[in-house]
Structure formats: C-alpha cells, structure tokens
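Dumped start_31.txt below, it's compact mmCIF, C-alpha atoms:
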# COMPACT_ATOMS: atom_id res chain seq x y z
CA LEU P 1 0.00 0.00 0.00
CA ALA P 2 2.83 2.37 0.85
CA MET P 3 4.46 1.65 -2.49
CA SER P 4 1.13 2.18 -4.23
CA ALA P 5 0.71 5.52 -2.47
CA MET P 6 4.17 6.56 -3.54
CA LEU P 7 3.41 5.75 -7.17
CA GLU P 8 0.33 7.94 -7.00
CA THR P 9 2.17 11.01 -5.74
CA PRO P 10 2.73 13.81 -8.27
CA GLU P 11 6.40 14.25 -7.37
CA LEU P 12 7.56 10.93 -8.83
CA PRO P 13 7.01 11.80 -12.51
CA ALA P 14 9.13 14.90 -11.97
CA VAL P 15 11.89 12.66 -10.63
CA PHE P 16 11.58 10.43 -13.67
CA ASP P 17 11.71 13.51 -15.94
CA GLY P 18 14.91 14.57 -14.22
CA VAL P 19 16.39 11.12 -14.73
CA LYS P 20 15.38 11.16 -18.39
CA LEU P 21 16.91 14.60 -18.87
CA ALA P 22 20.14 13.44 -17.24
CA ALA P 23 20.17 10.35 -19.45
CA VAL P 24 19.65 12.43 -22.59
CA ALA P 25 22.44 14.80 -21.54
CA ALA P 26 24.75 11.85 -20.96
CA VAL P 27 23.95 10.37 -24.37
CA LEU P 28 24.52 13.73 -26.06
CA TYR P 29 27.85 14.10 -24.27
CA VAL P 30 28.94 10.68 -25.55
CA ILE P 31 27.83 11.61 -29.07
CA VAL P 32 29.75 14.86 -28.90
CA ARG P 33 32.92 13.05 -27.82
CA CYS P 34 32.52 10.25 -30.36
CA LEU P 35 31.78 12.58 -33.26
CA ASN P 36 34.44 15.10 -32.22
CA LEU P 37 32.05 18.03 -32.35
CA LYS P 38 34.42 20.25 -30.42
CA SER P 39 37.71 21.17 -32.05
CA PRO P 40 40.09 24.13 -32.23
CA THR P 41 38.76 27.22 -33.99
CA GLY P 42 40.50 29.96 -35.92
CA PRO P 43 40.03 33.04 -38.09
CA PRO P 44 38.71 32.58 -41.63
CA GLU P 45 40.96 32.39 -44.66
CA LEU P 46 40.52 35.52 -46.78
CA ILE P 47 41.21 35.81 -50.51
CA TYR P 48 41.04 39.35 -51.90
CA GLN P 49 42.83 41.99 -53.94
CA ASP P 50 44.79 44.70 -52.17
CA SER P 51 42.50 47.70 -52.52
CA ALA P 52 41.09 50.61 -50.54
CA LEU P 53 37.81 48.73 -50.16
CA ALA P 54 39.53 45.60 -48.81
CA CYS P 55 41.56 47.65 -46.33
CA PHE P 56 38.40 49.39 -45.12
CA LEU P 57 36.59 46.06 -44.70
CA LEU P 58 39.43 44.52 -42.72
CA LYS P 59 39.33 47.47 -40.32
CA SER P 60 35.54 47.62 -40.11
CA CYS P 61 34.70 43.90 -39.91
CA PRO P 62 36.45 42.30 -36.90
CA LEU P 63 34.79 38.95 -37.71
CA LEU P 64 36.93 38.71 -40.84
CA THR P 65 40.19 38.69 -38.90
CA LYS P 66 39.55 37.30 -35.43
CA ASP P 67 39.01 33.72 -34.25
CA SER P 68 35.54 32.74 -35.39
CA GLY P 69 34.67 30.70 -32.32
CA VAL P 70 32.87 28.21 -34.58
CA PRO P 71 33.79 24.63 -33.58
CA ALA P 72 33.55 21.58 -35.82
CA LYS P 73 30.02 20.28 -36.21
CA GLY P 74 30.91 16.67 -36.62
CA GLY P 75 33.47 16.69 -39.40
CA HIS P 76 32.63 14.03 -41.92
CA THR P 77 29.62 12.71 -40.05
CA ALA P 78 26.07 13.60 -41.01
CA GLY P 79 24.89 12.85 -37.47
CA GLY P 80 27.15 15.47 -35.95
CA THR P 81 26.05 18.16 -38.39
CA ALA P 82 22.36 17.36 -37.94
CA LEU P 83 22.60 17.19 -34.15
CA TYR P 84 24.44 20.50 -33.81
CA GLY P 85 22.12 22.23 -36.26
CA LYS P 86 18.95 21.05 -34.52
CA MET P 87 20.14 22.16 -31.10
CA GLY P 88 21.23 25.53 -32.42
CA ARG P 89 17.74 26.34 -33.69
CA VAL P 90 15.77 25.47 -30.55
CA ARG P 91 15.43 29.10 -29.46
CA SER P 92 14.99 30.82 -32.83
CA PRO P 93 13.05 34.13 -32.70
CA HIS P 94 9.76 34.76 -34.49
CA PRO P 95 9.84 38.13 -36.26
CA CYS P 96 6.52 39.54 -37.44
CA GLY P 97 6.11 40.53 -41.07
CA HIS P 98 3.53 41.00 -43.80
CA ARG P 99 3.11 38.63 -46.74
CA LYS P 100 3.01 40.15 -50.22
CA TYR P 101 1.63 38.51 -53.35
CA LEU P 102 2.84 39.24 -56.88
CA THR P 103 1.30 37.88 -60.08
CA MET P 104 3.92 36.78 -62.59
CA PRO P 105 3.47 37.05 -66.40
CA ASP P 106 2.85 33.29 -66.70
CA GLY P 107 0.15 33.33 -64.01
CA ALA P 108 2.35 32.12 -61.16
CA THR P 109 1.87 33.81 -57.79
CA ALA P 110 5.13 34.84 -56.15
CA THR P 111 5.10 35.58 -52.43
CA PHE P 112 7.55 37.26 -50.12
CA ASP P 113 7.48 38.43 -46.53
CA LEU P 114 8.30 42.01 -45.58
CA PHE P 115 9.79 42.91 -42.19
CA GLU P 116 10.24 46.52 -41.12
CA PRO P 117 13.35 47.69 -39.21
CA GLN P 118 13.18 47.84 -35.41
CA SER P 119 15.83 50.51 -34.89
CA GLU P 120 17.63 53.26 -36.77
CA HIS P 121 20.27 52.13 -39.23
CA CYS P 122 23.93 52.84 -38.42
CA ILE P 123 24.17 55.49 -41.16
CA GLY P 124 20.66 56.81 -40.55
CA GLU P 125 19.39 55.90 -44.01
CA ASP P 126 16.81 53.55 -45.51
CA VAL P 127 18.42 50.21 -46.40
CA THR P 128 16.57 47.04 -47.37
CA MET P 129 17.98 43.53 -47.36
CA VAL P 130 16.49 41.45 -50.18
CA ILE P 131 16.98 37.84 -49.15
CA CYS P 132 16.80 34.59 -51.13
CA PRO P 133 16.72 31.40 -48.98
CA GLY P 134 18.12 27.95 -49.75
CA ILE P 135 16.54 25.11 -51.70
CA ALA P 136 12.81 24.67 -51.00
CA ASN P 137 13.05 27.22 -48.16
CA HIS P 138 11.03 30.27 -47.18
CA SER P 139 10.71 33.02 -44.58
CA GLU P 140 9.39 30.64 -41.92
CA LYS P 141 12.57 28.57 -41.76
CA GLN P 142 14.41 28.95 -38.47
CA TYR P 143 17.74 30.15 -39.89
CA ILE P 144 15.90 32.81 -41.90
CA ARG P 145 13.89 33.92 -38.87
CA THR P 146 17.07 34.26 -36.80
CA PHE P 147 18.85 36.29 -39.45
CA VAL P 148 15.86 38.55 -40.14
CA ASP P 149 15.39 39.28 -36.43
CA TYR P 150 19.04 40.29 -36.10
CA ALA P 151 18.98 42.41 -39.27
CA GLN P 152 15.81 44.20 -38.11
CA LYS P 153 17.44 45.05 -34.80
CA ASN P 154 20.33 46.57 -36.75
CA GLY P 155 18.04 48.90 -38.69
CA TYR P 156 17.44 46.93 -41.87
CA ARG P 157 14.13 46.36 -43.61
CA CYS P 158 14.05 42.74 -44.83
CA ALA P 159 12.24 41.22 -47.79
CA VAL P 160 12.41 37.42 -47.90
CA LEU P 161 11.43 35.47 -50.99
CA ASN P 162 9.32 32.35 -50.47
CA HIS P 163 10.39 29.92 -53.17
CA LEU P 164 7.55 29.13 -55.54
CA GLY P 165 5.79 26.02 -54.21
CA ALA P 166 7.79 25.82 -50.98
CA LEU P 167 5.14 27.14 -48.58
CA PRO P 168 2.75 24.28 -47.74
CA ASN P 169 -0.27 26.59 -47.35
CA ILE P 170 0.17 28.46 -50.66
CA GLU P 171 -1.19 26.78 -53.78
CA LEU P 172 0.50 27.09 -57.14
CA THR P 173 -1.47 29.12 -59.68
CA SER P 174 0.50 27.94 -62.71
CA PRO P 175 2.21 24.66 -63.67
CA ARG P 176 5.64 25.84 -62.53
CA MET P 177 7.61 25.89 -59.28
CA PHE P 178 11.01 27.20 -58.22
CA THR P 179 14.12 25.87 -59.94
CA TYR P 180 17.86 26.02 -59.34
CA GLY P 181 18.56 29.29 -61.14
CA CYS P 182 15.25 30.94 -62.03
CA THR P 183 15.48 34.61 -61.04
CA TRP P 184 11.98 35.70 -62.04
CA GLU P 185 10.38 35.74 -58.59
CA PHE P 186 13.41 37.28 -56.91
CA GLY P 187 13.51 39.99 -59.59
CA ALA P 188 9.82 40.71 -59.08
CA MET P 189 10.38 41.12 -55.33
CA VAL P 190 13.34 43.47 -55.88
CA ASN P 191 11.34 45.57 -58.35
CA TYR P 192 8.51 45.83 -55.84
CA ILE P 193 10.92 47.10 -53.17
CA LYS P 194 12.49 49.60 -55.55
CA LYS P 195 9.10 51.03 -56.54
CA THR P 196 7.59 51.01 -53.04
CA TYR P 197 10.66 52.45 -51.32
CA PRO P 198 12.30 54.71 -53.93
CA GLN P 199 14.79 56.12 -51.39
CA SER P 200 15.92 52.73 -50.13
CA GLN P 201 19.25 51.21 -51.06
CA LEU P 202 19.57 47.44 -51.28
CA VAL P 203 21.76 44.76 -49.76
CA VAL P 204 21.35 41.48 -51.65
CA VAL P 205 21.71 38.28 -49.61
CA GLY P 206 21.51 34.67 -50.78
CA PHE P 207 21.84 31.44 -48.80
CA SER P 208 22.91 28.20 -50.51
CA LEU P 209 20.78 27.84 -53.67
CA GLY P 210 19.65 31.41 -52.99
CA GLY P 211 23.27 32.49 -53.40
CA ASN P 212 23.25 31.12 -56.93
CA ILE P 213 20.01 32.93 -57.73
CA VAL P 214 21.06 36.35 -56.42
CA CYS P 215 24.46 36.26 -58.16
CA LYS P 216 22.87 35.15 -61.41
CA TYR P 217 20.23 37.87 -61.07
CA LEU P 218 22.79 40.64 -60.60
CA GLY P 219 24.93 39.42 -63.49
CA GLU P 220 22.07 38.91 -65.94
CA ASN P 221 21.49 42.62 -66.46
CA GLN P 222 23.55 45.64 -65.44
CA ALA P 223 20.32 47.45 -64.52
CA ASN P 224 19.71 44.87 -61.79
CA GLN P 225 22.67 46.32 -59.88
CA GLU P 226 21.18 49.81 -59.66
CA ARG P 227 20.73 50.96 -56.03
CA VAL P 228 22.47 47.77 -54.84
CA LEU P 229 25.14 48.48 -52.24
CA CYS P 230 26.56 44.98 -52.09
CA CYS P 231 25.82 41.28 -52.39
CA VAL P 232 26.52 38.45 -49.93
CA SER P 233 26.38 34.79 -50.93
CA VAL P 234 26.66 32.12 -48.23
CA CYS P 235 27.39 28.41 -48.80
CA GLN P 236 26.60 28.17 -52.48
CA GLY P 237 28.35 25.78 -54.87
CA TYR P 238 28.69 28.14 -57.88
CA SER P 239 28.34 25.48 -60.61
CA ALA P 240 25.71 22.72 -60.60
CA LEU P 241 27.43 21.08 -63.55
CA ARG P 242 30.65 20.65 -61.59
CA ALA P 243 28.82 19.78 -58.37
CA HIS P 244 26.48 17.06 -59.62
CA GLU P 245 29.16 14.35 -59.76
CA THR P 246 30.42 15.15 -56.27
CA PHE P 247 26.86 14.90 -54.96
CA MET P 248 26.95 11.17 -55.63
CA GLN P 249 30.06 10.65 -53.50
CA TRP P 250 29.92 9.37 -49.93
CA ASP P 251 32.69 11.47 -48.38
CA GLN P 252 31.25 13.94 -45.85
CA CYS P 253 27.98 12.03 -46.39
CA ARG P 254 27.06 14.07 -49.49
CA ARG P 255 25.20 11.11 -50.97
CA PHE P 256 23.12 10.87 -47.80
CA TYR P 257 22.26 14.59 -47.84
CA ASN P 258 21.47 14.29 -51.54
CA PHE P 259 18.96 11.56 -50.74
CA LEU P 260 17.33 13.60 -47.98
CA MET P 261 16.99 16.70 -50.17
CA ALA P 262 15.63 14.61 -53.04
CA ASP P 263 13.04 13.09 -50.72
CA ASN P 264 11.97 16.56 -49.59
CA MET P 265 11.74 17.77 -53.20
CA LYS P 266 9.59 14.78 -54.11
CA LYS P 267 7.16 15.62 -51.32
CA ILE P 268 6.89 19.24 -52.46
CA ILE P 269 6.39 18.32 -56.13
CA LEU P 270 3.80 15.67 -55.31
CA SER P 271 1.93 18.07 -53.04
CA HIS P 272 1.35 20.22 -56.16
CA ARG P 273 0.90 17.37 -58.66
CA HIS P 274 -2.70 18.29 -59.47
CA VAL P 275 -1.50 21.70 -60.74
CA LEU P 276 1.76 20.53 -62.29
CA PHE P 277 0.55 17.33 -63.98
CA GLY P 278 -3.23 17.23 -63.56
CA ASP P 279 -5.80 17.48 -66.31
CA ASN P 280 -6.78 21.14 -65.91
CA ASN P 281 -7.07 24.19 -68.08
CA MET P 282 -3.62 25.55 -67.23
CA LYS P 283 -1.16 25.76 -70.09
CA LYS P 284 1.80 23.56 -69.26
CA PRO P 285 5.41 23.75 -70.45
CA GLN P 286 5.69 21.96 -73.76
CA ASN P 287 7.85 19.08 -72.58
CA LEU P 288 6.46 18.76 -69.05
CA ALA P 289 3.79 16.40 -70.38
CA ASP P 290 6.37 13.64 -70.87
CA ALA P 291 7.52 13.80 -67.24
CA ASP P 292 7.46 10.29 -65.78
CA LEU P 293 5.88 10.35 -62.32
CA GLY P 294 7.04 6.77 -61.86
CA LYS P 295 10.64 7.97 -62.09
CA LEU P 296 9.84 10.72 -59.62
CA TYR P 297 8.59 8.24 -57.03
CA THR P 298 11.74 6.13 -57.35
CA ALA P 299 14.23 9.01 -57.55
CA THR P 300 16.97 8.93 -54.92
CA SER P 301 18.96 12.01 -55.98
CA LEU P 302 18.32 15.63 -56.89
CA MET P 303 19.91 15.04 -60.29
CA GLN P 304 17.26 12.45 -61.19
CA ILE P 305 14.50 14.87 -60.20
CA ASP P 306 16.15 17.75 -62.07
CA ASP P 307 16.45 15.64 -65.20
CA ASN P 308 12.93 14.23 -65.11
CA ILE P 309 11.05 17.30 -63.84
CA MET P 310 12.83 20.55 -63.01
CA ARG P 311 14.65 21.26 -66.28
CA LYS P 312 11.38 20.84 -68.17
CA PHE P 313 9.76 23.85 -66.48
CA HIS P 314 12.03 26.03 -68.64
CA GLY P 315 12.30 23.78 -71.69
CA TYR P 316 15.91 22.63 -71.38
CA SER P 317 16.69 19.65 -73.59
CA SER P 318 19.23 18.06 -71.25
CA LEU P 319 20.41 18.14 -67.65
CA LYS P 320 23.80 19.43 -68.80
CA GLU P 321 22.20 22.39 -70.57
CA TYR P 322 20.00 23.10 -67.54
CA TYR P 323 22.94 23.14 -65.13
CA GLU P 324 25.15 25.21 -67.43
CA GLU P 325 22.56 27.89 -68.12
CA GLU P 326 21.10 28.15 -64.62
CA SER P 327 24.39 28.35 -62.67
CA CYS P 328 25.76 31.75 -61.72
CA LEU P 329 29.29 30.77 -62.83
CA LYS P 330 29.19 32.69 -66.10
CA TYR P 331 27.59 35.74 -64.45
CA LEU P 332 29.93 36.28 -61.51
CA HIS P 333 32.42 38.37 -63.48
CA LYS P 334 29.58 40.71 -64.50
CA ILE P 335 28.90 41.77 -60.92
CA TYR P 336 30.50 45.13 -60.14
CA VAL P 337 29.11 45.91 -56.68
CA PRO P 338 31.05 44.66 -53.61
CA LEU P 339 30.59 40.89 -53.44
CA LEU P 340 31.23 38.70 -50.39
CA LEU P 341 31.38 34.94 -51.00
CA VAL P 342 31.28 32.86 -47.82
CA ASN P 343 31.96 29.11 -47.57
CA ALA P 344 32.99 26.52 -44.98
CA ALA P 345 35.71 23.96 -45.67
CA ASP P 346 33.66 21.25 -43.93
CA ASP P 347 30.42 21.96 -45.81
CA PRO P 348 28.95 18.50 -46.50
CA LEU P 349 27.18 19.76 -49.65
CA VAL P 350 29.87 21.87 -51.32
CA HIS P 351 32.90 19.84 -52.42
CA GLU P 352 36.30 21.46 -51.92
CA SER P 353 36.93 21.40 -55.69
CA LEU P 354 34.13 23.94 -56.16
CA LEU P 355 35.91 26.46 -53.95
CA SER P 356 38.44 27.12 -56.71
CA ILE P 357 35.72 29.19 -58.41
CA PRO P 358 35.35 31.93 -55.74
CA ARG P 359 39.08 31.78 -55.04
CA ALA P 360 39.99 32.50 -58.66
CA LEU P 361 37.40 35.26 -58.91
CA SER P 362 38.55 37.02 -55.73
CA GLU P 363 42.17 36.87 -56.93
CA LYS P 364 41.25 38.85 -60.05
CA ARG P 365 38.52 41.29 -59.06
CA GLU P 366 38.84 44.07 -56.46
CA ASN P 367 35.14 44.06 -55.61
CA VAL P 368 35.17 40.38 -54.55
CA MET P 369 36.27 38.84 -51.26
CA HIS P 370 36.13 35.11 -50.55
CA VAL P 371 35.80 34.09 -46.91
CA LEU P 372 36.55 30.44 -46.13
CA LEU P 373 35.94 29.23 -42.58
CA LEU P 374 37.49 25.97 -41.42
CA HIS P 375 34.26 24.88 -39.71
CA GLY P 376 30.65 25.85 -40.23
CA GLY P 377 29.02 23.03 -42.18
CA HIS P 378 26.18 24.05 -44.45
CA LEU P 379 24.49 27.23 -43.19
CA GLY P 380 25.59 26.38 -39.66
CA PHE P 381 28.43 28.51 -38.26
CA PHE P 382 27.12 28.06 -34.70
CA GLU P 383 28.93 29.57 -31.76
CA GLY P 384 28.66 28.87 -28.07
CA SER P 385 28.87 25.60 -26.15
CA VAL P 386 28.76 22.34 -28.05
CA LEU P 387 25.55 21.02 -26.51
CA PHE P 388 23.80 24.40 -26.38
CA PRO P 389 24.97 26.57 -29.30
CA GLU P 390 23.59 30.08 -29.68
CA PRO P 391 20.81 30.51 -32.26
CA LEU P 392 22.48 33.72 -33.50
CA THR P 393 25.39 32.48 -35.60
CA TRP P 394 28.72 33.79 -36.83
CA MET P 395 27.14 33.83 -40.30
CA ASP P 396 24.29 36.11 -39.19
CA LYS P 397 26.68 38.54 -37.53
CA LEU P 398 29.14 38.57 -40.43
CA VAL P 399 26.50 39.41 -43.05
CA VAL P 400 25.18 42.33 -41.00
CA GLN P 401 28.66 43.51 -40.06
CA TYR P 402 29.77 43.43 -43.71
CA ALA P 403 26.61 45.25 -44.82
CA ASN P 404 27.19 47.93 -42.15
CA ALA P 405 30.78 48.37 -43.33
CA ILE P 406 29.71 48.74 -46.97
CA CYS P 407 27.09 51.32 -45.96
CA GLN P 408 29.77 53.28 -44.10
CA TRP P 409 32.12 52.94 -47.08
CA GLU P 410 29.54 54.34 -49.49
CA LYS P 411 28.67 57.18 -47.12
CA THR P 412 32.35 58.07 -46.71
CA LYS P 413 32.86 58.09 -50.48
CA SER P 414 29.80 60.28 -50.90
CA GLN P 415 31.01 62.78 -48.27
CA CYS P 416 34.47 62.91 -49.85
CA SER P 417 32.91 63.52 -53.25
CA ASP P 418 30.73 66.34 -51.87
CA THR P 419 33.80 67.93 -50.22
CA GLU P 420 35.80 67.73 -53.43
CA GLN P 421 32.97 69.36 -55.38
CA ALA P 422 32.69 72.15 -52.80
CA VAL P 423 36.43 72.84 -52.91
CA SER P 424 36.37 72.79 -56.70
CA GLY P 425 33.47 75.27 -56.71
CA GLN P 426 35.35 77.68 -54.44
CA GLU P 427 38.37 77.59 -56.71
What does this structure look like when you write it as structure tokens?
Amino acid sequence: LAMSAMLETPELPAVFDGVKLAAVAAVLYVIVRCLNLKSPTGPPELIYQDSALACFLLKSCPLLTKDSGVPAKGGHTAGGTALYGKMGRVRSPHPCGHRKYLTMPDGATATFDLFEPQSEHCIGEDVTMVICPGIANHSEKQYIRTFVDYAQKNGYRCAVLNHLGALPNIELTSPRMFTYGCTWEFGAMVNYIKKTYPQSQLVVVGFSLGGNIVCKYLGENQANQERVLCCVSVCQGYSALRAHETFMQWDQCRRFYNFLMADNMKKIILSHRHVLFGDNNMKKPQNLADADLGKLYTATSLMQIDDNIMRKFHGYSSLKEYYEEESCLKYLHKIYVPLLLVNAADDPLVHESLLSIPRALSEKRENVMHVLLLHGGHLGFFEGSVLFPEPLTWMDKLVVQYANAICQWEKTKSQCSDTEQAVSGQE
C-alpha cells in the first residue's frame, strides 16, 4: 500500500523527468565526444585583392580577422552536423512581417514576406535587405527567422522570398515551381521594393541555392545592380554542372544529404501534382507532359529529379544544358558591386573542388572577397557551447557587419565627393 501511495504522488514523474533529462544529456555528451564536435577554432581564410575597399573592410569587420569561435560540427559525419544544427535552432526568434503577393506574367503567384526595421540604421538611411533562402526554403525557416530578427534590430528592412511552391499553405497558380537558377520571382520582389521604397538602397543576400540565384540575377542585367550596395552569398556551390558528380560521393555524407533533399523535393512536387501534372485548363510547359511520375517516385537524388522534372519547367533539352545555363558561374564576373562569397571547408554539400571558383574570382577582381571558414558546415556557423549553441550564428553577424561596413564605405565616399565638389566650386 505504501508503495502504491508513492506511485500515486505527483512528485515521482518529476523525478523520472529529471532522470530522463540526465540520461539524454549523458547520451549527447557521448555523441559529442565520439563525433568530435568540439575542435580548435580559428580566423577565416581571406582571398582578396589589395585595394582601398579591402583595407576598409578589414578594419571595419572584426569577424573577418579574429578567431571565429565556430567549432567543428561533426566533421565528416552527417549525425554530428544534424545534431548540432537542430540544437542551435531550438530558441529561434519569431519576427513579425507582412506577406506580399505578386502575379507573374505566366500566371504564377510569387510571395515574399516584408519585415520593417526595429531601430535606426547605423548610417541613418533607408536600407533594405532582399533575401533569397536555400533550396525549397522560405521566410518561416528557423535560420531565416534568426537572421531577419538580427537584421531588423540593426536597422534593416528585410524582404524574404518564399520559393515558388515551398510554402505548404500556398497553392500554385500555374504549372511551374522554383528551380535552381530561375530569377523571375526574386527579380519581381526586388522591383517591388524599388518602386515602393524609392529612397531605399539594397543589400542582396543569398543562402545556398539562394546564393546562386542572387548572383545570377545581378549578373544577368547591369540594370539589376542599380541601387544595390553589395551582395553576400553564403554556402553556395557556384556550378551545378561541376557539383552534380560530387553529390553522388559518400565522403562527408554528401550522398546521404542528396537523398534527404531529393526526398523533400519529391514531397513538395507531389503536393502540387494536381496543378503541375493534372488534367486542368492551365497551359503547361511543352515538354512537361512527358515527365514520368514513376521515375519521380523512385528518384533517390536531386539530379534524377532535375532531369525528369525541373529542367522541363524552362524547356531545357538536357540536364547538362540546364545546369550550365542556370548556374551563376558565367555571371559572376559581370557583378560590379562589392561581393562577399562565404563558404565553410567542412560543408557536407559543397565539395572542396568547387571552392576554386570563388578563389579565382577574388584573386582577379577588387570588388570580390572570398571568406573560407574551417568549420561551419552548411548554413551552420554556430557559436557557443557544443551542446547548447547560440541561435544567433557567426554567419548572421558577419553578413550584418559586412553590410554595415559597406554602408559606411559608401557614405564616406559620398562625403568625400561632396567635399571635393565644394572645394572645386570655391576655386
């Protein structure tokens, strides 16, 4: 009876919860030790041309030169990367914004979320960050929410593109969804910001696949760079054609990540199959009709999905043509605004061979700086303790710090120009 009474007391479950929590902590500690999640840190490797801009950035951006404080996230193990990433996003903020809808020429409905600044900007002017997330991502993703919240607090308005078809509660209105390098929706968002806020200057930011899109967008047309202060690309691979073979390799578990991303893409495509492949009145891309849904169900890689479905949204005849034309590689040299390219050496998605692209570009062009961090994984860059990393990352702080420095640089140049004109007028 005494034992029965004890079991009925409310305190015992709390004891069990404490034991469970201790057990989980012990297991996590073992995982951390086994996967070597904690390792020495260091400052990033910088590749740049000796110029006035580079000197100014090195003085104005301490994160470029000091120890990053970002430990290894598990090295070559997918489990370590996933574990560290999940724990780092537990306390992500929830910024409040307004969703905007734009009708595209082909009937598609583009959406983006608009977040107003929460403080005055460091130079006291109107600056908007136009942000393109990673593959199949949107403004509700935790890493986007964290970055937007931090940018708002530093005086930036933020506009975040929701990739076409990525939001589960937004139906497609045309038989097309986002693809690797389509810049149409991002361009529509930028044009909206330029028209709605004619005094605002722009900072262009792209994460992963979004980095490819923003760089391609800026290089496609010189007019796209008007009112753009700078561009920041984080963790992109620069060339899908070069990357697709490495995506099938097992080192750093790329093949595993490839499978996971392909599975997610399948779910998104199938959630819109009635619009994309159904018998409705919507005009479909000419060669989308021969898409084999059977191959989609059995696909185990992004390349298989790209070849069977994605390239056909824009009428490419082969996967090679699709990857060549949609990569930003041939557009990078056409970008003239300050360009920051950020990568991590232990990124499980971006093979080290791809890093020769930003390195070569930054060795030739004064407006480009390549920042390579030893650790960071893919869109990770977490700081803090191993088991409880901070949600605000080194990546978030670097992008804002770099943008602040560029704003100060442009303001300084403008003031110098005004002074020179005044002196010239007096003479």
Excluding P:Pro358 and its own-chain neighbours fewer than 4 positions away, which residues fall within 7 Å of it when counting all atoms listed in the file? Please give them as a count of residues only.
3
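Taking only C-alpha atoms into account, P:Val275 lies nearest to P:Pro175 out of the set P:Pro175, P:Gly181, P:Gly211, P:Pro133.
Summary of the local environment: counting all atoms listed in the file, residues at most 8 Å from P:Gly155, other than itself and those fewer than 4 positions away along its chain, are Pro117, Gln118, Ser119, Glu120, His121, Cys122, Val127 and Ala151 of chain P.
Nearest to P:Tyr402 of all the residues P:Val203, P:Met248, P:Leu302, P:Met310 is P:Val203, based on all atoms listed in the file.
Between P:Gln236 and the residues P:Ile268, P:Val214, P:Ile131, P:Met177, the shortest atom-to-atom distance, using only C-alpha atoms, involves P:Val214.
Taking atom CA of P:Arg273 as the reference point, atom CA of P:Leu161 is found at 22.3 Å.
What separates atom CA of P:Glu324 from atom CA of P:Ser356 is a distance of 17.2 Å.
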